[in-house]
$ cat work20.pdb   # PDB, C-alpha atoms
MODEL        1
ATOM      1  CA  MET A  57     120.702  31.694  74.463
ATOM      2  CA  THR A  58     117.332  33.180  73.466
ATOM      3  CA  ASN A  59     116.094  35.887  75.786
ATOM      4  CA  ASN A  60     112.421  36.256  76.504
ATOM      5  CA  PRO A  61     111.861  39.985  77.139
ATOM      6  CA  GLU A  62     109.345  39.074  79.835
ATOM      7  CA  ARG A  63     111.916  37.123  81.899
ATOM      8  CA  PRO A  64     115.376  37.925  83.209
ATOM      9  CA  ALA A  65     118.137  36.005  81.418
ATOM     10  CA  LYS A  66     120.211  33.517  83.391
ATOM     11  CA  THR A  67     123.934  33.723  82.691
ATOM     12  CA  ALA A  68     126.986  31.978  84.076
ATOM     13  CA  ASP A  69     130.094  33.939  84.982
ATOM     14  CA  SER A  70     133.698  32.711  84.655
ATOM     15  CA  THR A  71     133.386  30.755  87.920
ATOM     16  CA  GLY A  72     130.275  28.944  86.733
ATOM     17  CA  ASP A  73     127.991  30.795  89.174
ATOM     18  CA  THR A  74     124.591  31.655  87.768
ATOM     19  CA  ALA A  75     123.598  35.311  87.794
ATOM     20  CA  THR A  76     120.432  37.009  86.637
ATOM     21  CA  CYS A  77     120.685  39.661  83.942
ATOM     22  CA  TYR A  78     117.804  42.112  83.994
ATOM     23  CA  CYS A  79     118.793  43.690  80.662
ATOM     24  CA  PRO A  80     115.596  42.550  78.879
ATOM     25  CA  ILE A  81     113.455  44.753  81.140
ATOM     26  CA  GLY A  82     115.131  47.876  79.787
ATOM     27  CA  GLY A  83     112.257  48.701  77.439
ATOM     28  CA  VAL A  84     109.635  48.411  80.163
ATOM     29  CA  MET A  85     111.735  50.455  82.560
ATOM     30  CA  GLU A  86     112.286  53.135  79.934
ATOM     31  CA  LEU A  87     108.521  53.409  79.461
ATOM     32  CA  LEU A  88     107.670  53.311  83.170
ATOM     33  CA  SER A  89     110.315  55.893  84.021
ATOM     34  CA  ARG A  90     108.594  58.465  81.823
ATOM     35  CA  ARG A  91     106.706  61.133  83.694
ATOM     36  CA  TYR A  92     103.329  59.937  85.048
ATOM     37  CA  ALA A  93     103.527  56.461  83.447
ATOM     38  CA  MET A  94     103.340  54.422  86.659
ATOM     39  CA  GLN A  95     100.810  56.793  88.170
ATOM     40  CA  LEU A  96      98.575  56.452  85.103
ATOM     41  CA  ILE A  97      98.684  52.660  85.335
ATOM     42  CA  CYS A  98      97.636  52.902  88.994
ATOM     43  CA  VAL A  99      94.929  55.543  88.450
ATOM     44  CA  VAL A 100      93.341  53.706  85.537
ATOM     45  CA  GLY A 101      93.587  50.469  87.530
ATOM     46  CA  ALA A 102      91.919  52.026  90.569
ATOM     47  CA  ILE A 103      89.119  53.821  88.750
ATOM     48  CA  GLY A 104      88.438  51.286  86.014
ATOM     49  CA  PRO A 105      87.222  52.481  82.647
ATOM     50  CA  VAL A 106      87.985  56.179  82.938
ATOM     51  CA  ARG A 107      87.535  59.220  80.751
ATOM     52  CA  TYR A 108      90.354  61.601  79.963
ATOM     53  CA  ASN A 109      88.838  64.448  82.005
ATOM     54  CA  GLU A 110      88.735  62.234  85.104
ATOM     55  CA  ILE A 111      92.399  61.368  84.594
ATOM     56  CA  GLU A 112      93.276  65.016  84.073
ATOM     57  CA  ASP A 113      91.437  65.995  87.281
ATOM     58  CA  THR A 114      93.419  63.401  89.230
ATOM     59  CA  PHE A 115      96.742  64.867  88.098
ATOM     60  CA  GLY A 116      95.935  68.508  88.783
ATOM     61  CA  ASP A 117      98.713  70.641  87.299
ATOM     62  CA  ALA A 118     100.084  68.040  84.868
ATOM     63  CA  SER A 119     100.222  69.303  81.313
ATOM     64  CA  SER A 120      97.547  67.989  79.006
ATOM     65  CA  SER A 121     100.082  67.192  76.291
ATOM     66  CA  THR A 122     102.232  65.125  78.683
ATOM     67  CA  LEU A 123      99.238  63.109  79.916
ATOM     68  CA  SER A 124      98.023  62.548  76.363
ATOM     69  CA  SER A 125     101.473  61.422  75.231
ATOM     70  CA  ARG A 126     101.827  59.049  78.148
ATOM     71  CA  LEU A 127      98.373  57.546  77.617
ATOM     72  CA  GLU A 128      99.278  57.034  73.965
ATOM     73  CA  ASP A 129     102.613  55.408  74.926
ATOM     74  CA  LEU A 130     100.929  53.038  77.374
ATOM     75  CA  ALA A 131      98.211  52.112  74.878
ATOM     76  CA  GLU A 132     100.806  51.525  72.168
ATOM     77  CA  ALA A 133     102.767  49.258  74.531
ATOM     78  CA  GLY A 134      99.622  47.229  75.260
ATOM     79  CA  TYR A 135      99.061  48.256  78.898
ATOM     80  CA  LEU A 136      95.963  50.369  78.239
ATOM     81  CA  SER A 137      93.105  50.083  75.820
ATOM     82  CA  ARG A 138      91.542  53.200  74.384
ATOM     83  CA  GLU A 139      87.905  53.096  73.317
ATOM     84  CA  GLN A 140      86.513  55.996  71.342
ATOM     85  CA  TYR A 141      82.735  56.261  71.074
ATOM     86  CA  ALA A 142      80.996  57.839  68.099
ATOM     87  CA  GLU A 143      79.159  60.459  70.118
ATOM     88  CA  ILE A 144      78.904  64.235  70.172
ATOM     89  CA  PRO A 145      80.816  65.414  72.106
ATOM     90  CA  PRO A 146      83.399  62.678  71.541
ATOM     91  CA  ARG A 147      83.913  60.279  74.425
ATOM     92  CA  VAL A 148      87.097  58.293  74.996
ATOM     93  CA  GLU A 149      87.617  55.789  77.806
ATOM     94  CA  TYR A 150      90.793  54.125  78.962
ATOM     95  CA  LYS A 151      91.074  50.842  80.823
ATOM     96  CA  LEU A 152      93.835  48.417  81.668
ATOM     97  CA  THR A 153      94.426  45.476  79.380
ATOM     98  CA  GLU A 154      95.242  42.099  80.912
ATOM     99  CA  LYS A 155      98.921  42.995  80.566
ATOM    100  CA  GLY A 156      98.221  46.348  82.265
ATOM    101  CA  GLU A 157      96.371  44.647  85.120
ATOM    102  CA  GLN A 158      99.340  42.347  85.682
ATOM    103  CA  LEU A 159     101.686  45.333  85.742
ATOM    104  CA  CYS A 160      99.411  47.266  88.106
ATOM    105  CA  HIS A 161      99.323  44.285  90.461
ATOM    106  CA  ARG A 162     103.134  44.110  90.440
ATOM    107  CA  LEU A 163     103.489  47.857  91.044
ATOM    108  CA  GLU A 164     101.368  47.736  94.218
ATOM    109  CA  PRO A 165     104.154  46.343  96.468
ATOM    110  CA  LEU A 166     106.553  48.965  95.108
ATOM    111  CA  LEU A 167     104.089  51.748  95.867
ATOM    112  CA  GLU A 168     103.498  50.364  99.363
ATOM    113  CA  TRP A 169     107.257  50.303  99.923
ATOM    114  CA  VAL A 170     107.563  53.920  98.735
ATOM    115  CA  GLU A 171     104.785  55.019 101.111
ATOM    116  CA  GLU A 172     106.487  53.262 104.039
ATOM    117  CA  HIS A 173     109.861  54.828 103.330
ATOM    118  CA  GLU A 174     108.689  58.268 102.285
ATOM    119  CA  GLU A 175     107.786  59.109 105.877
ATOM    120  CA  GLN A 176     111.286  58.313 107.170
TER     121      GLN A 176
ENDMDL
END
$ encode --input "work20.pdb" --output "structure tokens"
Amino acid sequence: MTNNPERPAKTADSTGDTATCYCPIGGVMELLSRRYAMQLICVVGAIGPVRYNEIEDTFGDASSSTLSSRLEDLAEAGYLSREQYAEIPPRVEYKLTEKGEQLCHRLEPLLEWVEEHEEQ
């Protein structure tokens, strides 16, 4: 069976029942479980094309190196695009790619659920 990393694999157990294996999402979960990854997707999605300083202001006490690393990870994975302009001082803007927009849209229900249950 060929697994598409974008879809859960369907498997049959010894009784013939079909079960869903979510193993292929391991890479995405590993990335999203890194500090600030999901929040960065949501912030960039909410603000639109955004400069690093605006992102940094949103996160307050987060270390600059951690934010930079996470932005790099998300861009490398294809969720963010990074545009650097040839200006003095240098200007860099981040925005969601189509893949990032899809992820942001799917994270919204999770975030709503967290908000509902955080108060309890």
$ atom_distance --input "work20.pdb" --atom1 "atom CA of Ser137 of chain A" --atom2 "atom CA of Glu168 of chain A"
25.7 Å
$ atom_distance --input "work20.pdb" --atom1 "atom CA of Tyr92 of chain A" --atom2 "atom CA of Glu172 of chain A"
20.4 Å
$ resolve_selection --input "work20.pdb" --expression "the PyMOL selection byres ((chain A and resi 123) around 10)" --output "count of residues only"
19
$ resolve_selection --input "work20.pdb" --expression "the PyMOL selection byres ((chain A and resi 153-155) around 7)" --output "MDAnalysis selection string"
chainID A and resid 134:137 151:152 156:159
$ atom_distance --input "work20.pdb" --atom1 "atom CA of Cys98 of chain A" --atom2 "atom CA of His173 of chain A"
18.9 Å
$ residues_around --input "work20.pdb" --residues "Arg107 of chain A" --least-positions-apart "6" --cutoff "8 Å" --atoms "all atoms listed in the file" --output "ChimeraX atom specification"
/A:147-150
$ closest_residue --input "work20.pdb" --among "A:Val106, A:Ile81, A:Met94, A:Leu130" --to "Glu164 of chain A" --atoms "all atoms listed in the file"
A:Met94
$ closest_residue --input "work20.pdb" --among "A:Glu110, A:Gly83, A:Leu163, A:Pro145" --to "Gln95 of chain A" --atoms "only C-alpha atoms"
A:Leu163
$ closest_residue --input "work20.pdb" --among "A:Val170, A:Val100, A:Thr114, A:Ser89" --to "Ala131 of chain A" --atoms "only C-alpha atoms"
A:Val100
$ axis_aligned_box --input "work20.pdb" --around "segment 105-110 of chain A" --padding-each-side "6 Å" --output "JSON"
{"center_x": 88.8, "center_y": 58.5, "center_z": 82.5, "size_x": 15.1, "size_y": 24.0, "size_z": 17.1}
$ decode --input "work20.pdb" --residues "segment 111-157 of chain A" --atoms "N, CA and C atoms" --output "short mmCIF file (atom, residue, chain, number, x, y, z; two decimals), in the first residue's frame"
data_model
loop_
_atom_site.label_atom_id
_atom_site.label_comp_id
_atom_site.auth_asym_id
_atom_site.auth_seq_id
_atom_site.Cartn_x
_atom_site.Cartn_y
_atom_site.Cartn_z
N ILE A 111 5.95 40.53 14.03
CA ILE A 111 5.82 39.20 14.62
C ILE A 111 6.44 39.20 16.01
N GLU A 112 7.63 39.75 16.11
CA GLU A 112 8.35 39.79 17.38
C GLU A 112 7.54 40.55 18.44
N ASP A 113 6.92 41.65 18.06
CA ASP A 113 6.09 42.42 18.99
C ASP A 113 4.90 41.60 19.49
N THR A 114 4.34 40.79 18.63
CA THR A 114 3.19 39.96 19.00
C THR A 114 3.56 38.93 20.06
N PHE A 115 4.79 38.43 20.01
CA PHE A 115 5.21 37.36 20.91
C PHE A 115 5.88 37.86 22.19
N GLY A 116 6.06 39.14 22.33
CA GLY A 116 6.59 39.68 23.57
C GLY A 116 7.95 39.15 23.97
N ASP A 117 7.98 38.25 24.97
CA ASP A 117 9.23 37.78 25.55
C ASP A 117 9.87 36.60 24.82
N ALA A 118 9.32 36.17 23.71
CA ALA A 118 9.91 35.05 22.97
C ALA A 118 11.29 35.44 22.47
N SER A 119 12.21 34.47 22.52
CA SER A 119 13.56 34.78 22.07
C SER A 119 13.58 34.96 20.56
N SER A 120 14.39 35.90 20.14
CA SER A 120 14.53 36.23 18.73
C SER A 120 15.04 35.02 17.93
N SER A 121 15.97 34.28 18.52
CA SER A 121 16.54 33.13 17.81
C SER A 121 15.50 32.03 17.63
N THR A 122 14.63 31.83 18.63
CA THR A 122 13.58 30.81 18.51
C THR A 122 12.58 31.20 17.43
N LEU A 123 12.15 32.46 17.43
CA LEU A 123 11.21 32.91 16.39
C LEU A 123 11.82 32.79 15.01
N SER A 124 13.06 33.21 14.87
CA SER A 124 13.74 33.12 13.57
C SER A 124 13.85 31.68 13.10
N SER A 125 14.22 30.79 14.01
CA SER A 125 14.33 29.36 13.66
C SER A 125 12.99 28.80 13.22
N ARG A 126 11.94 29.16 13.96
CA ARG A 126 10.62 28.63 13.63
C ARG A 126 10.13 29.16 12.30
N LEU A 127 10.34 30.45 12.04
CA LEU A 127 9.96 31.02 10.75
C LEU A 127 10.70 30.31 9.62
N GLU A 128 11.96 30.04 9.84
CA GLU A 128 12.77 29.33 8.84
C GLU A 128 12.22 27.92 8.63
N ASP A 129 11.90 27.21 9.72
CA ASP A 129 11.34 25.86 9.62
C ASP A 129 10.04 25.86 8.82
N LEU A 130 9.16 26.81 9.12
CA LEU A 130 7.86 26.87 8.45
C LEU A 130 7.99 27.25 6.98
N ALA A 131 8.96 28.11 6.68
CA ALA A 131 9.20 28.47 5.27
C ALA A 131 9.78 27.28 4.52
N GLU A 132 10.70 26.58 5.16
CA GLU A 132 11.32 25.41 4.54
C GLU A 132 10.29 24.31 4.27
N ALA A 133 9.31 24.19 5.16
CA ALA A 133 8.26 23.17 5.00
C ALA A 133 7.18 23.60 4.01
N GLY A 134 7.23 24.85 3.55
CA GLY A 134 6.28 25.31 2.54
C GLY A 134 5.02 25.94 3.08
N TYR A 135 4.98 26.26 4.38
CA TYR A 135 3.80 26.89 4.97
C TYR A 135 3.86 28.41 4.91
N LEU A 136 5.06 28.95 4.88
CA LEU A 136 5.27 30.40 4.80
C LEU A 136 6.15 30.71 3.61
N SER A 137 5.94 31.89 3.06
CA SER A 137 6.89 32.40 2.07
C SER A 137 7.61 33.59 2.71
N ARG A 138 8.84 33.73 2.34
CA ARG A 138 9.68 34.79 2.90
C ARG A 138 10.17 35.64 1.73
N GLU A 139 9.82 36.91 1.74
CA GLU A 139 10.22 37.82 0.67
C GLU A 139 11.17 38.86 1.24
N GLN A 140 12.36 38.89 0.68
CA GLN A 140 13.35 39.87 1.13
C GLN A 140 13.48 40.94 0.05
N TYR A 141 13.36 42.20 0.46
CA TYR A 141 13.42 43.31 -0.47
C TYR A 141 14.81 43.94 -0.42
N ALA A 142 15.30 44.35 -1.56
CA ALA A 142 16.62 44.96 -1.65
C ALA A 142 16.51 46.44 -1.28
N GLU A 143 16.40 46.68 0.01
CA GLU A 143 16.26 48.04 0.52
C GLU A 143 17.23 48.23 1.68
N ILE A 144 17.49 49.47 2.01
CA ILE A 144 18.29 49.80 3.19
C ILE A 144 17.38 50.61 4.11
N PRO A 145 17.09 50.20 5.31
CA PRO A 145 17.49 48.91 5.90
C PRO A 145 16.74 47.76 5.24
N PRO A 146 17.29 46.56 5.37
CA PRO A 146 16.65 45.39 4.74
C PRO A 146 15.23 45.20 5.26
N ARG A 147 14.37 44.77 4.38
CA ARG A 147 12.97 44.50 4.74
C ARG A 147 12.63 43.07 4.32
N VAL A 148 12.07 42.32 5.25
CA VAL A 148 11.65 40.95 4.99
C VAL A 148 10.19 40.83 5.40
N GLU A 149 9.38 40.22 4.56
CA GLU A 149 7.97 39.99 4.88
C GLU A 149 7.67 38.51 4.76
N TYR A 150 6.80 38.06 5.66
CA TYR A 150 6.34 36.68 5.67
C TYR A 150 4.85 36.66 5.37
N LYS A 151 4.44 35.67 4.60
CA LYS A 151 3.00 35.45 4.38
C LYS A 151 2.77 33.96 4.21
N LEU A 152 1.52 33.56 4.42
CA LEU A 152 1.18 32.15 4.27
C LEU A 152 1.16 31.77 2.79
N THR A 153 1.64 30.59 2.51
CA THR A 153 1.49 30.02 1.18
C THR A 153 0.08 29.41 1.11
N GLU A 154 -0.29 28.87 -0.01
CA GLU A 154 -1.59 28.21 -0.12
C GLU A 154 -1.67 27.06 0.89
N LYS A 155 -0.59 26.30 0.99
CA LYS A 155 -0.51 25.20 1.96
C LYS A 155 -0.65 25.74 3.39
N GLY A 156 -0.03 26.87 3.68
CA GLY A 156 -0.12 27.50 4.99
C GLY A 156 -1.52 27.99 5.29
N GLU A 157 -2.19 28.54 4.28
CA GLU A 157 -3.57 28.99 4.46
C GLU A 157 -4.49 27.83 4.78
#
